[in-house]
Amino acid sequence: MMTKIKNAIKAEFINGRTAFDWIFLACGILLQTFAIVYGFMSGNPESWVSIVSGLTGIVAVVLCAQGKISFYVFGYVQLLTYVFGIAIPFALWGEVIENIFYFVTMVYGTYIWFKRYRTKADGSTEITPKKLSKKGWIISIALLVGSTIITGIFLTHAHELLPAIFVEADPTPWLDAITTVAPFIAQIFMMLGYRDQWAFWIIEDIISIVMFIILGSWVMVAQYLFWTLNCFYGWYMWTRAGKDVG
């Protein structure tokens, strides 16, 4: 039993990793560490919940970029700490809604990934990715634009319409709208194993950087900076994995 567990851990976290994979993860953790230290030195320290969210977020997205199902473990921790430690305190209601959706799709996504998981010749494990069609791209972009407009209008007036639920006005409703809709689409593609998810994560991450600079949360700025880089890393890794299976 212990041998099986040891082999599974090795296949998930050790086998098939290159030096760049380890360096990339280390750079992400180091970037978050600098942001945490900067917060303390500037007299505006982050809460422990924000710190945990930032660090687990780094690990989770790297594992996702590598097609590792273990990303879900770190993803659940990041999701819960982000919602209760950042989104709700900052009154980012779109982010709260988005992360409720994340939780539901992550539960189903875990099942889907198990079905598409494979063991490679080098002993490592990863998901077998799919590629979006041209028609799929057109529908996705149209959905992104239309849904962002509707969500932006709603978040602008949410505090006036539903003050019992949205107890504070959203400080950045249109930015929040983009960072709500784009990851909805990306999350569905991620759950279903589509490589093209990374394009929509890039949109969310860049807008999130702007939003958290405005809000002054540097741990989150550092996280989204790294997540942007991770999107390009993930696109490469999932494209390569797709070529491995034709």
# chains A, B, ... in the order shown; residues from 1 in each chain; ligands from 1

$ closest_atom_pairs --of "region 63-122 of chain A" --to "region 130-134 of chain A" --cutoff "12 Å" --atoms "only C-alpha atoms" --output "CSV"
residue,atom,partner,partner_atom,distance
A:Gly67,CA,A:Lys130,CA,11.9
A:Trp113,CA,A:Lys130,CA,11.8
A:Arg116,CA,A:Lys130,CA,10.0

$ write_last_selection --atoms "N, CA and C atoms" --output "PDB file, in the first residue's frame"
ATOM      1  N   GLY A  67      -0.804  20.251 -16.112  1.00  0.00           N
ATOM      2  CA  GLY A  67      -1.822  19.226 -16.329  1.00  0.00           C
ATOM      3  C   GLY A  67      -1.923  18.226 -15.201  1.00  0.00           C
ATOM      4  N   TRP A 113     -11.331  15.158 -15.048  1.00  0.00           N
ATOM      5  CA  TRP A 113      -9.883  14.995 -15.187  1.00  0.00           C
ATOM      6  C   TRP A 113      -9.450  13.562 -14.888  1.00  0.00           C
ATOM      7  N   ARG A 116      -9.773  11.608 -17.960  1.00  0.00           N
ATOM      8  CA  ARG A 116      -8.852  11.951 -19.054  1.00  0.00           C
ATOM      9  C   ARG A 116      -7.393  11.900 -18.614  1.00  0.00           C
TER      10      ARG A 116
END

$ select_by_dssp --residues "region 47-217 of chain A" --states "helix (DSSP H, G or I)" --output "PyMOL selection string"
chain A and resi 48-65+71-87+93-116+134-161+173-192+197-215

$ residues_around --residues "Gly123 (chain A)" --least-positions-apart "6" --cutoff "9 Å" --atoms "only C-alpha atoms" --output "list of chain:residue names"
A:Lys10, A:Ala11, A:Glu12, A:Asn15, A:Gly16

$ write_last_selection --atoms "N, CA, C and O atoms" --output "mmCIF file, in the first residue's frame"
data_model
loop_
_atom_site.group_PDB
_atom_site.id
_atom_site.type_symbol
_atom_site.label_atom_id
_atom_site.label_comp_id
_atom_site.auth_asym_id
_atom_site.auth_seq_id
_atom_site.Cartn_x
_atom_site.Cartn_y
_atom_site.Cartn_z
ATOM 1 N N LYS A 10 5.246 10.171 -6.592
ATOM 2 C CA LYS A 10 6.393 10.379 -7.477
ATOM 3 C C LYS A 10 5.941 10.674 -8.896
ATOM 4 O O LYS A 10 6.478 11.565 -9.570
ATOM 5 N N ALA A 11 4.927 9.943 -9.370
ATOM 6 C CA ALA A 11 4.411 10.159 -10.727
ATOM 7 C C ALA A 11 3.769 11.529 -10.867
ATOM 8 O O ALA A 11 3.867 12.173 -11.913
ATOM 9 N N GLU A 12 3.133 11.994 -9.797
ATOM 10 C CA GLU A 12 2.421 13.270 -9.837
ATOM 11 C C GLU A 12 3.347 14.465 -9.672
ATOM 12 O O GLU A 12 3.174 15.494 -10.335
ATOM 13 N N ASN A 15 8.310 12.761 -11.357
ATOM 14 C CA ASN A 15 8.638 12.240 -12.698
ATOM 15 C C ASN A 15 8.306 13.243 -13.803
ATOM 16 O O ASN A 15 7.270 13.908 -13.760
ATOM 17 N N GLY A 16 9.207 13.338 -14.770
ATOM 18 C CA GLY A 16 8.962 14.181 -15.938
ATOM 19 C C GLY A 16 9.206 15.660 -15.731
ATOM 20 O O GLY A 16 9.076 16.446 -16.675
#

$ residues_around --residues "region 88-97 of chain A" --least-positions-apart "3" --cutoff "8 Å" --atoms "only C-alpha atoms" --output "list in words"
Val83, Phe84, Gly85, Ile100, Phe101, Leu155, Phe166, Val167, Glu168, Ala169, Asp170, Pro171, Asp176, Ala177, Thr179 and Thr180 of chain A

$ closest_residue --among "A:Ile203, A:Val37, A:Ala158, A:Met220" --to "Thr56 (chain A)" --atoms "only C-alpha atoms"
A:Met220

$ closest_residue --among "A:Val107, A:Leu225, A:Ala8, A:Ala182" --to "Glu204 (chain A)" --atoms "only C-alpha atoms"
A:Ala182

$ atom_distance --atom1 "CA of Ile209 (chain A)" --atom2 "CA of Tyr108 (chain A)"
28.6 Å
